4 protein chains.
Amino acid sequence: MSSSFGRLFVVTTFGESHGAGVGVVVDGMPPGIAVEDGAIQRELDRRRPGQSALTTQRQEGDRVEILSGIFEGVTLGTPIAMLVRNADARGGDYEEMRTKYRPSHADYTYQAKYGIRAWEGGGRASARETIGRVAAGAVAQKVLAGFGVDLVGWVAQVHEVVAHVDVSSVTRAAVEAHPTRCPIPEVAEEMARRIDAARRDGNSLGGVVEAVARGVPAGWGEPVFDKLDADIAHAMMGINAVKGVEIGAGFASIAQAGTVHSDEMTPQGFASNHAGGILGGISTGQDIVVSIAVKPTSSIRLDRRSIDKSGAPVTVNTHGRHDPCVGIRAAPIAEAMLLLVLIDHALRHRAQNADVICPTPKIAAAAPADVIARLKSAGAIDNPDPDEA
Amino acid sequence: MSSSFGRLFVVTTFGESHGAGVGVVVDGMPPGIAVEDGAIQRELDRRRPGQSALTTQRQEGDRVEILSGIFEGVTLGTPIAMLVRNADARGGDYEEMRTKYRPSHADYTYQAKYGIRAWEGGGRASARETIGRVAAGAVAQKVLAGFGVDLVGWVAQVHEVVAHVDVSSVTRAAVEAHPTRCPIPEVAEEMARRIDAARRDGNSLGGVVEAVARGVPAGWGEPVFDKLDADIAHAMMGINAVKGVEIGAGFASIAQAGTVHSDEMTPQGFASNHAGGILGGISTGQDIVVSIAVKPTSSIRLDRRSIDKSGAPVTVNTHGRHDPCVGIRAAPIAEAMLLLVLIDHALRHRAQNADVICPTPKIAAAAPADVIARLKSAGAIDNPDPDEA
Amino acid sequence: MSSSFGRLFVVTTFGESHGAGVGVVVDGMPPGIAVEDGAIQRELDRRRPGQSALTTQRQEGDRVEILSGIFEGVTLGTPIAMLVRNADARGGDYEEMRTKYRPSHADYTYQAKYGIRAWEGGGRASARETIGRVAAGAVAQKVLAGFGVDLVGWVAQVHEVVAHVDVSSVTRAAVEAHPTRCPIPEVAEEMARRIDAARRDGNSLGGVVEAVARGVPAGWGEPVFDKLDADIAHAMMGINAVKGVEIGAGFASIAQAGTVHSDEMTPQGFASNHAGGILGGISTGQDIVVSIAVKPTSSIRLDRRSIDKSGAPVTVNTHGRHDPCVGIRAAPIAEAMLLLVLIDHALRHRAQNADVICPTPKIAAAAPADVIARLKSAGAIDNPDPDEA
Amino acid sequence: MSSSFGRLFVVTTFGESHGAGVGVVVDGMPPGIAVEDGAIQRELDRRRPGQSALTTQRQEGDRVEILSGIFEGVTLGTPIAMLVRNADARGGDYEEMRTKYRPSHADYTYQAKYGIRAWEGGGRASARETIGRVAAGAVAQKVLAGFGVDLVGWVAQVHEVVAHVDVSSVTRAAVEAHPTRCPIPEVAEEMARRIDAARRDGNSLGGVVEAVARGVPAGWGEPVFDKLDADIAHAMMGINAVKGVEIGAGFASIAQAGTVHSDEMTPQGFASNHAGGILGGISTGQDIVVSIAVKPTSSIRLDRRSIDKSGAPVTVNTHGRHDPCVGIRAAPIAEAMLLLVLIDHALRHRAQNADVICPTPKIAAAAPADVIARLKSAGAIDNPDPDEA
């Protein structure tokens, strides 16, 4: 009972990697929103495998069929069901996995939980499950655009190669210009070399994905358990292979003094954005900034020790088609999850507070400042930053 | 509509910091569990302010009254309501805040969201709200103890002072031996010195809290959106002042190769625990390991620039009673939230899978290994680690 | 985990009849709504026992304390917790019930479910639990009044004494003029006589409560599982002792032909209201009309056969203080539940559809017509009714 | 956001009547349950139109495709998605409905709520939506059979033709022996004649569907808002065209005295079952008995007054393919909804109370007694019934 996400904009995914297909039902969509032909397919194409030598070579067209909820090109307000058939499934490739557990995979934990698993590929733990999330995010984006919200995600680190990206100016065009999804071309090239080397070695690498949402008005979110940042953390940590989530300064805030971390306010706006656009679980009107740690892909060609269903020792090496750095395909998924959190809170806010008028003149968003990237590049900590001088 | 947490073990908190009181309703509690006198109060006493010179001097006895759900010392299975009166409220101290927004607080965002706020103290954003969480956690602990689960949280870092704690052997006694809640005495002393210095300066410091849950059986959790780690991230990021969450190796996994990160399995158990006890959103049977980043307290005595309700510039300095390092009071709260996530998943697992028998002999948990602490202390990255040689 | 009601306006009750007290937490309340002193107490006074010779003689002042969520007389948007202490609890009166099950009570089923029960009085199954619902309803009413919604509930039948009430013109003043809550004075008197006779006999009687909500705009509700009528049915059948729920013509619609039942539409409005104001789960803009069947009180003085915890036969007769016709106290509870359903759907509708403009000029509500009452008084079935001639 | 049902066994339906298809996602299914080929199709065939002259002549094979969640014939514990394509859609038949509202349909309310509707056929309000419910019910039945639960639904009344069915002995075979689904052959014949006459007249008739669930153990359900009967009422009132729901004696309990209604207990079991198997919201271990009122089909060939989108008066007569008495197709849908409520509560109960042992020897279920049918056939009220003499 965990295949649904959201309280008002409810997204339910289904499907195994080597079954008939994967898909999603989106319930709670506002009606009357135009969804032009191809809008959803376009996002799926960004997530799709086989796009470059850096990703898995599984060939999937990932053609989406819209089964309901859109009529004459416009949303009805009823559930939007979308289906993508599995075309290039090769269950047979996994025959050995019928009895063996791949280390660092969900094979063992599914078996422990359910006593059964779809051993052909990753089953439900496969990244194919995220197709539904991306399709749902594409639908959500149509509504959020109407609220003035825009967002972009990118790869900020591969293994030890770090890109210091200016959060406030990065564009989707810059991100999509390179198969690594790193918007700084020379860093992207270096990342590509490392990934290619890992691929040739039969090994894999971790990475960092960052995302920014711009145009979120002050007031979205909730104050206690479902804080906007808490729901973002839930969404991001629920993406396959993610091991860490930060909002704003994140772990860098530990080594900040209160005078450094706190974002002063002026009539011209916030002087900095260490908070990452969220205070007390509620958006401030500034950019919302998120980072996630994506572990190295578990499926590698090198030998690993493991056990089989009977508990006996075996050696596992994975010869299927896999991504040497799954991080670079995680960017559109992180974007989708952020969209799903934001639309849910947009609707929740409207439900309770549609009539609220804030007495304070809307303060301007912070001046462009790559504070977080800077902080993370270490040395700067505790030196008063220019915004705050 | 965000004051409830959990799907089956549902915890609802209420109360403002300077209103009549704060409290909690716990619904879904299994019946017939003995809750001896004082069990809940004991946990509240750990969270309580005024315990040492390192915390706020607000004097609150935080005496809990159990209003329902426990009969003749045993749980009824009906809602357990618990109330703590606010005794040492001094709303008048905050008169100035009626119109001013404190930087880095939720003052501005509450006003933006609701058009109104309880300006006396932090209102609902005050750490007093967490009293209900701790009380609920104490109740949850009674059930989890029956499942063999035990957990402990501690302070692993204050500003730049890092404690390399052995996750597998740390005890609550060691943690509670020092007011900083750092289990390594000499590091604890250094942390105390730094906190005291910050207090004297009128400044504040960030920190890291870590927690480990031992004895969680393989199989708890959910595979897609409500992954066990995703729900932990939601719980932790929903604690006041938390800006980052890691599971297992967390952000350190980025710079690991697949061969380093993946935890091999042997008939004797997992060879390492970079996963932090969770794979594919489901527990592996190993220790569950979590780290959180707690930002420096926003309330500081030093002058900060801000604005008032009309948008005019003002200067704010907070003279109320505040914690110079809120991280050291966050440990029992983090423990409570982890308990709440675990009990909810224990019940969810039982609902769906009570009959499941895993065909694999239960593999032993990993040998004690402070892998995460080691990884975080940086250098070790990509060098094959001894467990895996 | 069933003590919460509503998806956006979430009401959580707690408390046993002979514990410290009963209460409620209301989460999701819109902010900035004035709740004047006494507004909630006034509704509790209507529900309170001991108001006339026709109800239980338990003396409870039912004084409500507001613990949170209201600040300077206005709602904050945060949870409103309210507590009523149990003052006249006499647990000792129930000593015998420690081992015996009262027939037609929840004693046996609680014991079967939980293995334990609060045997002093009805525990959580007591009508005292409904105090929280009524208090929450009083809060909801403040918001719904702003939407133009107004409602009233009354007693339409006691045993075989039927009141043919004109749904469209009945007022709360008429209802509250008599302790039976029947708005037709001479029928009310006859009801009172019957109830008094039952009381003297040590027996009890069933009844019908009806309620109408006026001013609900077209468009509230949901089309599939959470239909507005389905949620009303859920709310009403969740009131103690209720055994049946009808919307509009209800069971009388069975013996109507399609030509009779269907409510024709004209530019002046609907020609009739057999639908009870709901079509396809969504409000039509007409009066919403609900009827519920309340069974005779289970607690009676006459001897009944039963068993004790060991399964041995016993005789039970209840000498506590009980209502001979619980139906007459159910009217304010039914009103409260209807308010809770309506506010939840008002907020849900606003969340998804705040921007919707219906292309059709708002048609007027149906002319006053006591169609339902008439239909229920039997003979009229299948004769074309005047509205439709 | 209302297309999901259930808290732990979560059923989400999607699809419009004249779109690509309709379907369902079932999440929370226990793993390892065999679902043999054809089990689901068999139930869909019972719901399918075009089975006799008494139902709509729309020809739909309603062939179900299982997209996920079942692997090698066994449930995985992951979401089971099922899809039925719309084959015999004739949207063109409804061209006139693009602008006109059919009286007593959801046309007007959908337009008011969403500002748009799928005017081809009933869209989401069509009975085709219930395909997903029936498919989900067929899956639920596999689990409930393991708990020893069995159920059957039938038609107990068509317009004024009443069948006095013995609730305790009625079988599915008897029900399915006649296209009316009335298990008493001569009454079934009379019902068929009436339905056929209505069909020829272009009119329609209401009906009553009853259902009984046998083998439900004592203890399922919840005590407050989600009472077992409240959730059944929610489920049943959420079926298209249902206007009333009764549990056990239902509205007949009004005219019972307490001595008549209360079901005495003896060491041999309950002496009667006026409660319909539920007390205090929790199952007693007796048969659970439900009745629902199904209004006459709204789509009739006779002229009706209505309005169009602009508010102008029009005449509507429906020449599509429709059921003259939709009640006879509601029986399998009512069964499905009852299955969905029961499995959800079975899992909820197991989650919280898996360890509970009731101290009382399990009392036997009531002796066969058609008390409800008898009570409804009127005269018998207040005469002490034999069981209770």
# chains A, B, ... in the order shown; residues from 1 in each chain; ligands from 1

call {"tool": "residues_around", "arguments": {"residues": "Thr284 of chain D", "least_positions_apart": "6", "cutoff": "6 Å", "atoms": "only C-alpha atoms", "output": "PyMOL selection string"}}
result
(chain C and resi 109) or (chain D and resi 218+277-278)

call {"tool": "write_last_selection", "arguments": {"atoms": "all heavy atoms", "output": "mmCIF file, in the first residue's frame"}}
result
data_model
loop_
_atom_site.group_PDB
_atom_site.id
_atom_site.type_symbol
_atom_site.label_atom_id
_atom_site.label_comp_id
_atom_site.auth_asym_id
_atom_site.auth_seq_id
_atom_site.Cartn_x
_atom_site.Cartn_y
_atom_site.Cartn_z
ATOM 1 N N THR C 109 -18.094 -6.939 21.553
ATOM 2 C CA THR C 109 -17.252 -6.751 20.364
ATOM 3 C C THR C 109 -15.934 -6.047 20.699
ATOM 4 O O THR C 109 -14.899 -6.373 20.129
ATOM 5 C CB THR C 109 -18.010 -5.993 19.250
ATOM 6 O OG1 THR C 109 -18.523 -4.762 19.764
ATOM 7 C CG2 THR C 109 -19.162 -6.829 18.707
ATOM 8 N N ALA D 218 -15.650 -12.370 14.853
ATOM 9 C CA ALA D 218 -15.879 -11.245 15.771
ATOM 10 C C ALA D 218 -14.605 -10.415 15.872
ATOM 11 O O ALA D 218 -13.506 -10.957 15.938
ATOM 12 C CB ALA D 218 -16.284 -11.760 17.147
ATOM 13 N N GLY D 277 -25.131 -8.206 12.520
ATOM 14 C CA GLY D 277 -23.759 -8.711 12.652
ATOM 15 C C GLY D 277 -22.727 -7.683 13.076
ATOM 16 O O GLY D 277 -21.532 -7.960 13.055
ATOM 17 N N ILE D 278 -23.192 -6.494 13.489
ATOM 18 C CA ILE D 278 -22.247 -5.427 13.860
ATOM 19 C C ILE D 278 -22.766 -4.696 15.093
ATOM 20 O O ILE D 278 -23.904 -4.245 15.117
ATOM 21 C CB ILE D 278 -22.062 -4.425 12.699
ATOM 22 C CG1 ILE D 278 -21.568 -5.148 11.445
ATOM 23 C CG2 ILE D 278 -21.072 -3.317 13.092
ATOM 24 C CD1 ILE D 278 -21.530 -4.274 10.194
#

call {"tool": "interface_residues", "arguments": {"of": "chain C", "to": "chain A", "cutoff": "10 Å", "atoms": "only C-alpha atoms", "output": "mmCIF file with N, CA and C atoms, in the first residue's frame"}}
result
data_model
loop_
_atom_site.group_PDB
_atom_site.id
_atom_site.type_symbol
_atom_site.label_atom_id
_atom_site.label_comp_id
_atom_site.auth_asym_id
_atom_site.auth_seq_id
_atom_site.Cartn_x
_atom_site.Cartn_y
_atom_site.Cartn_z
ATOM 1 N N ARG C 7 -10.734 14.421 5.289
ATOM 2 C CA ARG C 7 -9.469 14.384 4.582
ATOM 3 C C ARG C 7 -8.709 15.701 4.713
ATOM 4 N N LEU C 8 -9.401 16.806 4.680
ATOM 5 C CA LEU C 8 -8.732 18.109 4.787
ATOM 6 C C LEU C 8 -9.088 18.819 6.079
ATOM 7 N N PHE C 9 -10.309 18.656 6.499
ATOM 8 C CA PHE C 9 -10.751 19.192 7.790
ATOM 9 C C PHE C 9 -10.815 17.964 8.678
ATOM 10 N N GLY C 28 -6.785 21.574 10.107
ATOM 11 C CA GLY C 28 -7.146 21.987 8.754
ATOM 12 C C GLY C 28 -8.114 23.155 8.729
ATOM 13 N N MET C 29 -8.372 23.721 9.895
ATOM 14 C CA MET C 29 -9.310 24.843 9.989
ATOM 15 C C MET C 29 -8.759 26.049 9.236
ATOM 16 N N PRO C 30 -9.536 26.672 8.379
ATOM 17 C CA PRO C 30 -9.091 27.923 7.771
ATOM 18 C C PRO C 30 -8.801 28.975 8.848
ATOM 19 N N PRO C 31 -7.792 29.794 8.620
ATOM 20 C CA PRO C 31 -7.396 30.795 9.614
ATOM 21 C C PRO C 31 -8.238 32.057 9.501
ATOM 22 N N GLY C 32 -8.155 32.856 10.558
ATOM 23 C CA GLY C 32 -8.762 34.184 10.509
ATOM 24 C C GLY C 32 -10.259 34.202 10.723
ATOM 25 N N GLY C 77 -5.447 28.693 12.087
ATOM 26 C CA GLY C 77 -5.137 27.743 11.011
ATOM 27 C C GLY C 77 -4.406 26.526 11.543
ATOM 28 N N THR C 78 -4.092 26.519 12.810
ATOM 29 C CA THR C 78 -3.428 25.386 13.460
ATOM 30 C C THR C 78 -4.479 24.553 14.202
ATOM 31 N N GLU C 222 -17.721 14.486 -4.785
ATOM 32 C CA GLU C 222 -16.744 13.814 -5.635
ATOM 33 C C GLU C 222 -17.480 12.741 -6.420
ATOM 34 N N PRO C 223 -16.961 12.395 -7.571
ATOM 35 C CA PRO C 223 -17.773 11.548 -8.442
ATOM 36 C C PRO C 223 -17.741 10.045 -8.166
ATOM 37 N N VAL C 224 -16.742 9.516 -7.512
ATOM 38 C CA VAL C 224 -16.664 8.056 -7.475
ATOM 39 C C VAL C 224 -16.855 7.512 -6.051
ATOM 40 N N ASP C 344 -15.501 19.505 4.724
ATOM 41 C CA ASP C 344 -14.413 18.766 4.080
ATOM 42 C C ASP C 344 -14.552 18.849 2.556
ATOM 43 N N HIS C 345 -15.757 18.695 2.070
ATOM 44 C CA HIS C 345 -15.955 18.772 0.619
ATOM 45 C C HIS C 345 -15.844 20.200 0.105
ATOM 46 N N ALA C 346 -16.218 21.168 0.908
ATOM 47 C CA ALA C 346 -16.017 22.566 0.491
ATOM 48 C C ALA C 346 -14.531 22.812 0.235
ATOM 49 N N LEU C 347 -13.699 22.334 1.161
ATOM 50 C CA LEU C 347 -12.257 22.552 1.012
ATOM 51 C C LEU C 347 -11.684 21.706 -0.118
ATOM 52 N N ARG C 348 -12.144 20.465 -0.251
ATOM 53 C CA ARG C 348 -11.674 19.618 -1.348
ATOM 54 C C ARG C 348 -12.037 20.233 -2.694
ATOM 55 N N HIS C 349 -13.255 20.734 -2.775
ATOM 56 C CA HIS C 349 -13.680 21.336 -4.036
ATOM 57 C C HIS C 349 -12.820 22.549 -4.375
ATOM 58 N N ARG C 350 -12.577 23.363 -3.366
ATOM 59 C CA ARG C 350 -11.773 24.565 -3.584
ATOM 60 C C ARG C 350 -10.343 24.205 -4.006
ATOM 61 N N ALA C 351 -9.825 23.142 -3.410
ATOM 62 C CA ALA C 351 -8.458 22.730 -3.756
ATOM 63 C C ALA C 351 -8.345 22.423 -5.245
ATOM 64 N N GLN C 352 -9.265 21.616 -5.744
ATOM 65 C CA GLN C 352 -9.131 21.164 -7.133
ATOM 66 C C GLN C 352 -9.739 22.145 -8.130
ATOM 67 N N ASN C 353 -10.829 22.789 -7.747
ATOM 68 C CA ASN C 353 -11.667 23.467 -8.733
ATOM 69 C C ASN C 353 -11.925 24.939 -8.447
ATOM 70 N N ALA C 354 -11.022 25.566 -7.709
ATOM 71 C CA ALA C 354 -11.276 26.964 -7.342
ATOM 72 C C ALA C 354 -11.522 27.854 -8.558
ATOM 73 N N ASP C 355 -10.951 27.472 -9.692
ATOM 74 C CA ASP C 355 -11.027 28.344 -10.875
ATOM 75 C C ASP C 355 -12.203 28.052 -11.800
ATOM 76 N N VAL C 356 -12.960 27.014 -11.483
ATOM 77 C CA VAL C 356 -13.983 26.560 -12.439
ATOM 78 C C VAL C 356 -15.131 27.550 -12.544
#

call {"tool": "closest_residue", "arguments": {"among": "A:Lys243, A:Arg193, A:Arg214, A:His105", "to": "Ser262 of chain B", "atoms": "only C-alpha atoms"}}
result
A:His105

call {"tool": "atom_distance", "arguments": {"atom1": "atom CA of Ser291 of chain C", "atom2": "atom CA of Ala211 of chain C"}}
result
6.5 Å

call {"tool": "select_by_dssp", "arguments": {"residues": "segment 8-252 of chain C", "states": "helix (DSSP H, G or I)", "output": "ChimeraX atom specification"}}
result
/C:39-47,91-98,107-114,123-125,127-146,172-176,185-201,228-237,250-252

call {"tool": "residues_around", "arguments": {"residues": "Ile33 of chain B", "least_positions_apart": "4", "cutoff": "10 Å", "atoms": "only C-alpha atoms", "output": "VMD selection string"}}
result
chain B and resid 29 70 73 to 77 139 142 to 143 146

call {"tool": "write_last_selection", "arguments": {"atoms": "all heavy atoms", "output": "tab-separated table (two decimals), in the first residue's frame"}}
result
chain	number	residue	atom	x	y	z
B	29	MET	N	-2.84	2.44	18.56
B	29	MET	CA	-1.97	1.71	19.50
B	29	MET	C	-2.50	0.30	19.71
B	29	MET	O	-3.67	0.11	20.01
B	29	MET	CB	-1.97	2.46	20.82
B	29	MET	CG	-1.17	1.81	21.92
B	29	MET	SD	0.63	1.90	21.58
B	29	MET	CE	1.24	0.88	22.93
B	70	ILE	N	-5.53	4.58	28.27
B	70	ILE	CA	-4.82	3.67	29.18
B	70	ILE	C	-5.74	3.44	30.38
B	70	ILE	O	-6.25	4.39	30.96
B	70	ILE	CB	-3.45	4.24	29.60
B	70	ILE	CG1	-2.56	4.37	28.35
B	70	ILE	CG2	-2.78	3.35	30.65
B	70	ILE	CD1	-1.15	4.89	28.61
B	73	GLY	N	-3.46	0.82	33.81
B	73	GLY	CA	-2.05	0.65	33.45
B	73	GLY	C	-1.77	-0.04	32.14
B	73	GLY	O	-0.62	-0.31	31.80
B	74	VAL	N	-2.82	-0.30	31.37
B	74	VAL	CA	-2.68	-1.08	30.14
B	74	VAL	C	-3.38	-0.35	29.00
B	74	VAL	O	-4.43	0.26	29.20
B	74	VAL	CB	-3.28	-2.49	30.35
B	74	VAL	CG1	-3.32	-3.27	29.06
B	74	VAL	CG2	-2.48	-3.25	31.41
B	75	THR	N	-2.80	-0.42	27.80
B	75	THR	CA	-3.43	0.27	26.67
B	75	THR	C	-4.72	-0.44	26.25
B	75	THR	O	-4.81	-1.66	26.25
B	75	THR	CB	-2.49	0.33	25.45
B	75	THR	OG1	-2.16	-1.00	25.05
B	75	THR	CG2	-1.21	1.09	25.78
B	76	LEU	N	-5.70	0.39	25.87
B	76	LEU	CA	-7.02	-0.12	25.49
B	76	LEU	C	-7.13	-0.37	23.99
B	76	LEU	O	-8.09	-0.99	23.54
B	76	LEU	CB	-8.10	0.90	25.87
B	76	LEU	CG	-8.48	1.02	27.35
B	76	LEU	CD1	-9.32	2.27	27.56
B	76	LEU	CD2	-9.25	-0.22	27.81
B	77	GLY	N	-6.20	0.16	23.21
B	77	GLY	CA	-6.36	0.11	21.75
B	77	GLY	C	-7.09	1.33	21.23
B	77	GLY	O	-7.23	1.50	20.02
B	139	VAL	N	5.40	5.83	23.90
B	139	VAL	CA	4.36	4.80	23.80
B	139	VAL	C	4.74	3.77	22.72
B	139	VAL	O	4.64	2.55	22.93
B	139	VAL	CB	3.00	5.46	23.48
B	139	VAL	CG1	1.95	4.41	23.16
B	139	VAL	CG2	2.54	6.34	24.64
B	142	LYS	N	7.19	0.99	23.65
B	142	LYS	CA	6.68	-0.17	24.38
B	142	LYS	C	6.33	-1.32	23.44
B	142	LYS	O	6.51	-2.49	23.75
B	142	LYS	CB	5.43	0.21	25.18
B	142	LYS	CG	5.66	1.24	26.26
B	142	LYS	CD	6.49	0.67	27.39
B	142	LYS	CE	7.02	1.74	28.30
B	142	LYS	NZ	8.01	1.20	29.24
B	143	VAL	N	5.80	-0.96	22.28
B	143	VAL	CA	5.43	-1.99	21.31
B	143	VAL	C	6.68	-2.51	20.60
B	143	VAL	O	6.87	-3.72	20.43
B	143	VAL	CB	4.44	-1.44	20.26
B	143	VAL	CG1	4.00	-2.55	19.32
B	143	VAL	CG2	3.25	-0.80	20.95
B	146	GLY	N	8.75	-5.07	22.21
B	146	GLY	CA	8.23	-6.42	22.04
B	146	GLY	C	8.65	-7.06	20.72
B	146	GLY	O	8.70	-8.29	20.60

call {"tool": "select_by_dssp", "arguments": {"residues": "segment 40-210 of chain A", "states": "strand (DSSP E)", "output": "PyMOL selection string"}}
result
chain A and resi 64-66+70-71+74-75+80-85+150-158+161-162+207-210

call {"tool": "atom_distance", "arguments": {"atom1": "atom CA of Ile239 of chain A", "atom2": "atom CA of Ala135 of chain A"}}
result
14.9 Å

call {"tool": "closest_residue", "arguments": {"among": "B:Ala87, B:Asp107, B:Leu205, B:Asp27", "to": "Met191 of chain B", "atoms": "only C-alpha atoms"}}
result
B:Leu205
